[in-house]
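Peer 1: Have a peek at entry-v7.pdb (PDB, C-alpha atoms, pLDDT in the B column).
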ATOM      1  CA  MET X   1       2.122  -1.446   9.012  1.00 86.00           C
ATOM      2  CA  ARG X   2      -0.554   1.137   8.179  1.00 90.00           C
ATOM      3  CA  ASP X   3      -2.800  -1.616   6.802  1.00 93.00           C
ATOM      4  CA  ALA X   4      -2.036  -3.989   9.715  1.00 92.00           C
ATOM      5  CA  TYR X   5      -0.261  -6.481   7.423  1.00 94.00           C
ATOM      6  CA  THR X   6      -3.633  -7.178   5.809  1.00 97.00           C
ATOM      7  CA  CYS X   7      -4.482  -7.316   2.120  1.00 98.00           C
ATOM      8  CA  GLN X   8      -6.915  -4.476   1.595  1.00 98.00           C
ATOM      9  CA  TYR X   9      -8.910  -6.565  -0.897  1.00 98.00           C
ATOM     10  CA  CYS X  10      -9.236 -10.128   0.477  1.00 97.00           C
ATOM     11  CA  LEU X  11      -8.307  -9.355   4.135  1.00 97.00           C
ATOM     12  CA  LYS X  12      -5.571 -12.030   4.221  1.00 96.00           C
ATOM     13  CA  GLN X  13      -3.104 -11.241   7.025  1.00 96.00           C
ATOM     14  CA  THR X  14       0.530 -11.808   6.071  1.00 92.00           C
ATOM     15  CA  LYS X  15       3.854 -10.006   6.071  1.00 87.00           C
ATOM     16  CA  ASP X  16       4.379 -11.084   2.440  1.00 90.00           C
ATOM     17  CA  LEU X  17       2.491  -8.192   0.824  1.00 94.00           C
ATOM     18  CA  THR X  18       2.956  -5.975  -2.209  1.00 95.00           C
ATOM     19  CA  LEU X  19       2.095  -2.327  -2.749  1.00 94.00           C
ATOM     20  CA  ASP X  20      -0.906  -1.794  -5.004  1.00 96.00           C
ATOM     21  CA  HIS X  21      -1.833   1.492  -6.669  1.00 96.00           C
ATOM     22  CA  VAL X  22      -5.607   1.890  -6.265  1.00 97.00           C
ATOM     23  CA  VAL X  23      -5.626   4.085  -9.365  1.00 96.00           C
ATOM     24  CA  PRO X  24      -2.944   2.357 -11.456  1.00 96.00           C
ATOM     25  CA  ARG X  25       0.083   4.343 -12.563  1.00 94.00           C
ATOM     26  CA  ALA X  26      -0.918   3.564 -16.168  1.00 93.00           C
ATOM     27  CA  HIS X  27      -4.098   5.575 -15.480  1.00 94.00           C
ATOM     28  CA  GLY X  28      -2.258   8.507 -13.880  1.00 94.00           C
ATOM     29  CA  GLY X  29      -2.208   7.171 -10.313  1.00 93.00           C
ATOM     30  CA  ARG X  30       0.626   8.384  -8.121  1.00 94.00           C
ATOM     31  CA  SER X  31       2.666   6.705  -5.406  1.00 93.00           C
ATOM     32  CA  THR X  32       1.068   8.522  -2.471  1.00 94.00           C
ATOM     33  CA  TRP X  33      -0.355   7.363   0.846  1.00 94.00           C
ATOM     34  CA  GLU X  34      -3.814   8.117  -0.516  1.00 95.00           C
ATOM     35  CA  ASN X  35      -3.368   5.863  -3.583  1.00 96.00           C
ATOM     36  CA  VAL X  36      -1.330   2.894  -2.335  1.00 96.00           C
ATOM     37  CA  VAL X  37      -2.549  -0.043  -0.239  1.00 97.00           C
ATOM     38  CA  ALA X  38      -1.140  -3.339   0.977  1.00 96.00           C
ATOM     39  CA  SER X  39      -2.168  -6.214  -1.273  1.00 97.00           C
ATOM     40  CA  CYS X  40      -1.390  -9.907  -1.281  1.00 97.00           C
ATOM     41  CA  VAL X  41       0.391 -11.140  -4.401  1.00 96.00           C
ATOM     42  CA  ALA X  42      -2.684 -13.032  -5.633  1.00 97.00           C
ATOM     43  CA  CYS X  43      -4.977  -9.989  -5.420  1.00 97.00           C
ATOM     44  CA  ASN X  44      -2.365  -7.686  -6.941  1.00 96.00           C
ATOM     45  CA  ARG X  45      -1.918 -10.025  -9.910  1.00 96.00           C
ATOM     46  CA  SER X  46      -5.650 -10.474 -10.331  1.00 97.00           C
ATOM     47  CA  LYS X  47      -6.352  -6.725 -10.180  1.00 97.00           C
ATOM     48  CA  GLY X  48      -3.568  -5.958 -12.649  1.00 93.00           C
ATOM     49  CA  GLY X  49      -3.668  -2.489 -14.186  1.00 95.00           C
ATOM     50  CA  ARG X  50      -7.320  -1.911 -13.348  1.00 96.00           C
ATOM     51  CA  THR X  51      -9.073   0.092 -10.663  1.00 96.00           C
ATOM     52  CA  PRO X  52     -10.717  -1.921  -7.870  1.00 97.00           C
ATOM     53  CA  GLU X  53     -14.127  -1.273  -9.432  1.00 96.00           C
ATOM     54  CA  GLN X  54     -12.981  -2.482 -12.857  1.00 96.00           C
ATOM     55  CA  ALA X  55     -11.542  -5.641 -11.278  1.00 97.00           C
ATOM     56  CA  GLY X  56     -14.646  -6.272  -9.152  1.00 97.00           C
ATOM     57  CA  PHE X  57     -12.675  -5.654  -5.940  1.00 97.00           C
ATOM     58  CA  ARG X  58     -13.744  -3.749  -2.849  1.00 96.00           C
ATOM     59  CA  LEU X  59     -11.278  -1.904  -0.634  1.00 96.00           C
ATOM     60  CA  ARG X  60     -11.453  -2.723   3.083  1.00 94.00           C
ATOM     61  CA  ARG X  61     -10.972   0.982   3.814  1.00 92.00           C
ATOM     62  CA  PRO X  62      -9.837   3.981   1.773  1.00 93.00           C
ATOM     63  CA  PRO X  63      -6.088   4.562   1.887  1.00 95.00           C
ATOM     64  CA  ALA X  64      -4.945   7.550   3.941  1.00 94.00           C
ATOM     65  CA  ARG X  65      -1.749   9.064   5.278  1.00 92.00           C
ATOM     66  CA  PRO X  66      -1.102   7.608   8.751  1.00 87.00           C
ATOM     67  CA  ARG X  67      -1.330   9.906  11.741  1.00 82.00           C
ATOM     68  CA  TRP X  68       1.846   8.410  13.209  1.00 70.00           C
ATOM     69  CA  THR X  69       5.359   8.722  11.840  1.00 66.00           C
ATOM     70  CA  PRO X  70       6.324   5.447  10.176  1.00 57.00           C
ATOM     71  CA  LEU X  71       9.995   5.916  11.117  1.00 57.00           C
ATOM     72  CA  ALA X  72       9.046   5.762  14.778  1.00 57.00           C
ATOM     73  CA  ALA X  73       7.806   2.208  14.257  1.00 57.00           C
ATOM     74  CA  LEU X  74      10.027   0.898  11.452  1.00 56.00           C
ATOM     75  CA  PRO X  75      13.654   1.898  10.910  1.00 56.00           C
ATOM     76  CA  LEU X  76      14.363   2.987   7.344  1.00 52.00           C
ATOM     77  CA  ALA X  77      17.258   0.542   7.212  1.00 51.00           C
ATOM     78  CA  SER X  78      14.854  -2.362   7.635  1.00 56.00           C
ATOM     79  CA  ALA X  79      12.727  -1.445   4.599  1.00 58.00           C
ATOM     80  CA  ARG X  80      12.479  -4.685   2.637  1.00 66.00           C
ATOM     81  CA  HIS X  81      11.747  -3.047  -0.685  1.00 69.00           C
ATOM     82  CA  GLU X  82      13.338   0.033  -2.217  1.00 73.00           C
ATOM     83  CA  GLU X  83       9.953   1.311  -3.461  1.00 75.00           C
ATOM     84  CA  TRP X  84       8.769   1.589   0.173  1.00 71.00           C
ATOM     85  CA  ARG X  85      11.353   4.252   1.040  1.00 70.00           C
ATOM     86  CA  PRO X  86       9.260   7.282  -0.100  1.00 70.00           C
ATOM     87  CA  PHE X  87       6.527   6.231   2.319  1.00 68.00           C
ATOM     88  CA  LEU X  88       8.951   6.019   5.231  1.00 64.00           C
ATOM     89  CA  ARG X  89      10.326   9.582   5.071  1.00 58.00           C
ATOM     90  CA  VAL X  90       9.723  11.853   8.034  1.00 51.00           C
ATOM     91  CA  VAL X  91       9.536  14.977   5.842  1.00 47.00           C
ATOM     92  CA  ASP X  92       7.999  15.058   2.367  1.00 46.00           C
ATOM     93  CA  GLY X  93      10.558  15.873  -0.274  1.00 41.00           C
TER      94      GLY X  93
END
Let me see whether you can do it: turn the structure in this file into structure tokens.

Peer 2:
Amino acid sequence: MRDAYTCQYCLKQTKDLTLDHVVPRAHGGRSTWENVVASCVACNRSKGGRTPEQAGFRLRRPPARPRWTPLAALPLASARHEEWRPFLRVVDG
């Protein structure tokens, strides 16, 4: 929702997105709002374990923590993927 259901690399709008670590976990990247963006499957596969610069990709906008509470817009029970749950908490744990 934060990225308006838009791949942050190719700008394709779809609800079939993956989470991409801008700085890959293999390079010390963490699963935080500031390091994760929505990515279509094709871009995520193409980028692989590289940074956007290494892959020749350009981010639409830098990732940032939303100003709104995600739970207000999307019930936790409807999270399609288990790995999304940390981003849907009201209070950081």

Peer 1: Have a look at atom CA of Ser31 of chain X and atom CA of Lys15 of chain X and let me know their distance in Å, one decimal.

Peer 2: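 Taking atom CA of Ser31 of chain X as the start and atom CA of Lys15 of chain X as the end point, the length is 20.3 Å.
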
Peer 1: With distances taken over only C-alpha atoms, which of X:Pro62, X:Gln54, X:Cys40, X:Trp84 is nearest to Thr6 of chain X?

Peer 2: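 With only C-alpha atoms as the atom set, the closest residue is X:Cys40.
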
Peer 1: For each of X:Met1, X:Tyr9, X:Val37, X:Thr14, take the minimum atom-to-atom distance to Pro63 of chain X, counting only C-alpha atoms, then give the residue where this is smallest.

Peer 2: X:Val37

Peer 1: Separation of atom CA of Arg61 of chain X and atom CA of Gln8 of chain X, in Å?

Peer 2: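 Result for atom CA of Arg61 of chain X versus atom CA of Gln8 of chain X: 7.2 Å, one decimal.
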
Peer 1: If we draw a sphere of 12 Å around (-7.6, -3.2, -16.8), which residues have at least one atom in it when counting only C-alpha atoms? Please report them as JSON, numbers by chain.

Peer 2: {"X": [22, 23, 24, 25, 26, 27, 45, 46, 47, 48, 49, 50, 51, 52, 53, 54, 55, 56]}

Peer 1: Quick one, how far is atom CA of Thr18 of chain X from atom CA of Asn44 of chain X?

Peer 2: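 These atoms are spaced 7.3 Å apart.
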
Peer 1: At a cut-off of 12 Å around the point (-4.8, -13.0, 4.5) (file coordinates), what residues fall inside when counting all atoms listed in the file? I'd like the answer as a ChimeraX atom specification.

Peer 2: /X:3-17,38-43

Peer 1: Give, as AutoDock Vina command-line options, the centre coordinates and the x, y and z edge lengths in Å to one decimal for an axis-aligned box around all listed atoms of segment 19-29 of chain X, padded by 6 Å on each side.

Peer 2:
--center_x -1.8 --center_y 3.1 --center_z -9.5 --size_x 19.7 --size_y 22.8 --size_z 25.4
